[in-house]
Structure formats: structure tokens, C-alpha cells
Amino acid sequence: MIQDFFRSDLSDFKAYEVSKTDYKVRLDANENFSNLPSEVRAKIAWAIEDSIFNRYPDGAASEVCARYAEYANVKSTNVMAGNGSDECIQIIANTFLNTGDKVLVQSPDFSMYGLYTKVAGGIPIEFPLGNELKLDINGFISMANEKKVKIVFLSNPNNPTGGIIQREDIIKIINGCSCIVVIDEAYFEFYGKTIVDKIESYENLIVLRTCSKVGLAAIRLGFLITNNVLMAELKKVKPPFNVNAISQCIACVILKQPEIIYKNVECILNQRKYLWQKLKDINGIQLYRTGGNFMLIQVENAQKMKERLLQAGINVRSFTAATLKNYLRITVGSREENDYLLKNISCKNGGII
Ligand code: PMP
């Protein structure tokens, strides 16, 4: 049987299902609600016209890394580009994990840490968040060391909670954990604080970033930022031409003019404030503080609310994990989208279920 050749340790894996994209209002994927301005798209079109289509792309994505380094205020030799930060996570897992090695993640956190750990033959261990979805820093460090994990992954801000780990606690984790510490700053732009300035101060720190949340999800571009020693090891595993020439070209146009990003982030932050204030006043919704472009809410019956919103053409993120049963994650939309959500989130009788 052909199945005899399949990996037995992947037998319980399910294909990642990406939700349909034809909803009227898409608040499920933490994307940016607006497309790039038309004059920027025109610039991109001109730049693409000059692309060299018959040659492989620059394998090191040198110009993009140099421009991102400037944006992130680090040296370009400390930056590696990936086909989305998803790929950076996979490169990290494949670089450092031997079969059976353990990885510590928070629960909940971004699901790809666990998935790529397993694909690399590793074992993810989950550390549940405590009251108010807060991380017990000392407990987390103790668990990492007791279990002798090779890597810890933490998103900061956390997806899906929106929660923040303060800088001094991040430093405590980097110092306290005897392993590689990956701080995933996918939502950095909406929080504004970073630990990237410390990559050369610690031998075990890797920071992840992405362009997906600032309006470029379509081009699949993420970054891994770390010291030279870890970088040399990671380069052994990076696929040679992982970022295509068109994505490199587009990112260069945008990174040459970071004001495009800053302006866009400001719009999202204004809408986040608006949505937050409106949701906060609705009875029956528990709202969590967020550093991201999304917010987590807890309601009495998330399934019912999800279905009701779907009927109105609004898709928000629900969860299969038992711990997140009555939670929904809502991406901040445009003013119109947010108003439409708010109109549909309450029942006619004023209840929220
Ligand atoms: N990290 C976190 C915490 C995320 O939420 C996401 C996307 N949802 C990613 C990484 C992956 O981003 P990318 O689009 O760059 O692969």
C-alpha cells in the first residue's frame, strides 16, 4: 500500500483549513482592512515591469533584508527573509530540533509553533496561561528548564489573546531559559515595543517579524532577526530561493517609503480604539486588552454568536480548543466594517447571544 510509505507520526495530522474568502466582512485572519493606496500599487506595477523573470531571485533577498534592517534598526547581516514568518518558524524548528526534542509554547498561542515542531520530529509542550490569560513568567521558565526544551516560542503581542509580555519579563525569559528563545513580533506595529535591540546581547534570542499585518499579506514575506552565530546555523536550512523576486520587488517599494506603513498602522489603531470603546459597553462581552490588530472576546455562547455573524456575512475567528470554547477573535476592520459588526453583535432584544 502506498500508505506504508507515509510518515506514521503524521497520521493524526489534518490539513490546515483556510476559511473561505467570500464573506462580506472578513474579520477572521488578522489581516489589514485596506488595500494599498492606488498610487502605491501603480508604483509597484512599474517596479515589477523591470523584474528579471528568467533568472532565479536573489537567494539572500539582500536588498529587502537591507531595507528591513533599516526599518527595524538592526544590521542587515542579522536579518533573514522568509516566505512569510511561517516559513521562518519552520526554518527554526528544522535547524535546531532533533527527533524527540521538546519545545515549549504558551497555550493559547499561534498554532504553527506546535505544528512545525511536530513536522520537524519534535514534541511541543503547552504551558497554559493563567488568570486573565496572563503568563506566569517564573512558572514558564521553570517548565522550560525542567523539561529541557530546545526552543521556546512566544508571540508578543500574543495571538489570539492580544496580551503583552513586558520587556523586563521577556529579558527574564531570555536569561532564565537554557534554550533558544523565539519572540514572535508579528503584531509589533500595533504594540510599538520590541526586543529586537537585544539580539546581539544574548546568544539565544531570535525575533520574528512579518509584513502580513501591515498590508502585504498577499506577498508572503516575513523576517527572522538574530545574532551571527544562530544566523549561520539557520542559513544551512533555509531553502535557497525561498522569497520570490516579485515579493522582493514589492517589499522594496514599500520599505523605501515606510510612511505608507506608519500611516496605515495609525488608521488601524484609530479603528481599534473605536471598536474597543463600543464593545466595552456591550453587556455580556468580556473584552481583553490587546496589543494587536484584533481583540479577543469571551461570550456566553461563542458558537451561536459566530453563526449569527456568519448569517450577516461577517466571519470572525472561533476556536476548537476547549480552553477557548466561548471566545472569539475579531480583527479590527474599517469604520464601516466595525459598525456593521457592532450592529450585528447584539440580538434584537439587546442580549448578545
Ligand atoms: N506569527 C503570529 C503570531 C501570527 O499571528 C501569524 C499570522 N497569523 C504569523 C506568525 C504568520 O505570519 P506570516 O503571514 O508572516 O506567515
# chains A, B, ... in the order shown; residues from 1 in each chain; ligands from 1
$ closest_atom_pairs --of "chain A" --to "ligand 1" --cutoff "7 Å" --atoms "only C-alpha atoms and all ligand atoms" --output "tab-separated table"
residue	atom	partner	partner_atom_place_in_ligand_line	distance
A:Ala29	CA	ligand 1	8 (N)	6.5
A:Asn30	CA	ligand 1	8 (N)	6.4
A:Gly84	CA	ligand 1	15 (O)	3.6
A:Ser85	CA	ligand 1	15 (O)	3.6
A:Asp86	CA	ligand 1	16 (O)	3.8
A:Glu87	CA	ligand 1	16 (O)	6.6
A:Phe110	CA	ligand 1	3 (C)	5.2
A:Ser155	CA	ligand 1	3 (C)	5.0
A:Asn158	CA	ligand 1	3 (C)	6.3
A:Asn159	CA	ligand 1	3 (C)	5.1
A:Asp184	CA	ligand 1	1 (N)	5.8
A:Glu185	CA	ligand 1	3 (C)	6.9
A:Ala186	CA	ligand 1	1 (N)	5.0
A:Thr210	CA	ligand 1	15 (O)	4.4
A:Cys211	CA	ligand 1	15 (O)	6.3
A:Ser212	CA	ligand 1	14 (O)	4.7
A:Ala217	CA	ligand 1	14 (O)	5.8
A:Arg220	CA	ligand 1	14 (O)	5.9
A:Leu221	CA	ligand 1	15 (O)	5.7
A:Gly222	CA	ligand 1	15 (O)	4.6
$ select_by_dssp --residues "range 16-134 of chain A" --states "strand (DSSP E or B)" --output "PyMOL selection string"
chain A and resi 25-27+79-82+102-107+123-128
$ closest_residue --among "A:Phe223, A:Phe153, A:Phe188, A:Phe241" --to "Met80 in chain A" --atoms "only C-alpha atoms"
A:Phe223
$ select_by_dssp --residues "range 27-126 of chain A" --states "helix (DSSP H, G or I)" --output "ChimeraX atom specification"
/A:38-49,62-72,76-78,85-96,112-119
$ closest_residue --among "A:Leu234, A:Ile89, A:Leu115, A:Leu154" --to "Phe13 in chain A" --atoms "only C-alpha atoms"
A:Leu115
$ decode --residues "range 53-90 of chain A" --atoms "C-alpha atoms" --output "PDB file, in the first residue's frame"
ATOM      1  CA  PHE A  53      11.733  36.966 -14.879  1.00  0.00           C
ATOM      2  CA  ASN A  54      14.092  34.446 -16.472  1.00  0.00           C
ATOM      3  CA  ARG A  55      16.543  34.315 -13.563  1.00  0.00           C
ATOM      4  CA  TYR A  56      16.189  32.909 -10.080  1.00  0.00           C
ATOM      5  CA  PRO A  57      15.620  35.578  -7.453  1.00  0.00           C
ATOM      6  CA  ASP A  58      18.353  36.860  -5.149  1.00  0.00           C
ATOM      7  CA  GLY A  59      18.550  33.920  -2.735  1.00  0.00           C
ATOM      8  CA  ALA A  60      19.619  36.104   0.173  1.00  0.00           C
ATOM      9  CA  ALA A  61      16.960  38.736  -0.616  1.00  0.00           C
ATOM     10  CA  SER A  62      19.783  41.232   0.050  1.00  0.00           C
ATOM     11  CA  GLU A  63      18.018  44.465  -0.802  1.00  0.00           C
ATOM     12  CA  VAL A  64      14.864  43.550   1.091  1.00  0.00           C
ATOM     13  CA  CYS A  65      16.888  42.483   4.131  1.00  0.00           C
ATOM     14  CA  ALA A  66      18.913  45.709   3.994  1.00  0.00           C
ATOM     15  CA  ARG A  67      15.753  47.804   3.796  1.00  0.00           C
ATOM     16  CA  TYR A  68      14.027  45.829   6.520  1.00  0.00           C
ATOM     17  CA  ALA A  69      17.150  46.170   8.682  1.00  0.00           C
ATOM     18  CA  GLU A  70      16.856  49.921   8.332  1.00  0.00           C
ATOM     19  CA  TYR A  71      13.160  49.758   9.195  1.00  0.00           C
ATOM     20  CA  ALA A  72      13.834  47.574  12.254  1.00  0.00           C
ATOM     21  CA  ASN A  73      17.017  49.429  13.257  1.00  0.00           C
ATOM     22  CA  VAL A  74      19.309  46.401  13.112  1.00  0.00           C
ATOM     23  CA  LYS A  75      22.196  45.333  10.859  1.00  0.00           C
ATOM     24  CA  SER A  76      21.257  43.676   7.559  1.00  0.00           C
ATOM     25  CA  THR A  77      23.542  40.718   8.328  1.00  0.00           C
ATOM     26  CA  ASN A  78      21.231  39.939  11.231  1.00  0.00           C
ATOM     27  CA  VAL A  79      18.149  39.638   9.008  1.00  0.00           C
ATOM     28  CA  MET A  80      16.892  36.620   7.052  1.00  0.00           C
ATOM     29  CA  ALA A  81      13.792  36.823   4.854  1.00  0.00           C
ATOM     30  CA  GLY A  82      11.225  34.049   4.735  1.00  0.00           C
ATOM     31  CA  ASN A  83       8.199  33.112   2.669  1.00  0.00           C
ATOM     32  CA  GLY A  84       6.041  34.556   5.419  1.00  0.00           C
ATOM     33  CA  SER A  85       7.171  34.364   9.036  1.00  0.00           C
ATOM     34  CA  ASP A  86       5.504  30.946   8.932  1.00  0.00           C
ATOM     35  CA  GLU A  87       8.472  29.740   6.965  1.00  0.00           C
ATOM     36  CA  CYS A  88      10.869  31.348   9.452  1.00  0.00           C
ATOM     37  CA  ILE A  89       9.196  29.310  12.212  1.00  0.00           C
ATOM     38  CA  GLN A  90       9.676  26.172  10.165  1.00  0.00           C
TER      39      GLN A  90
END
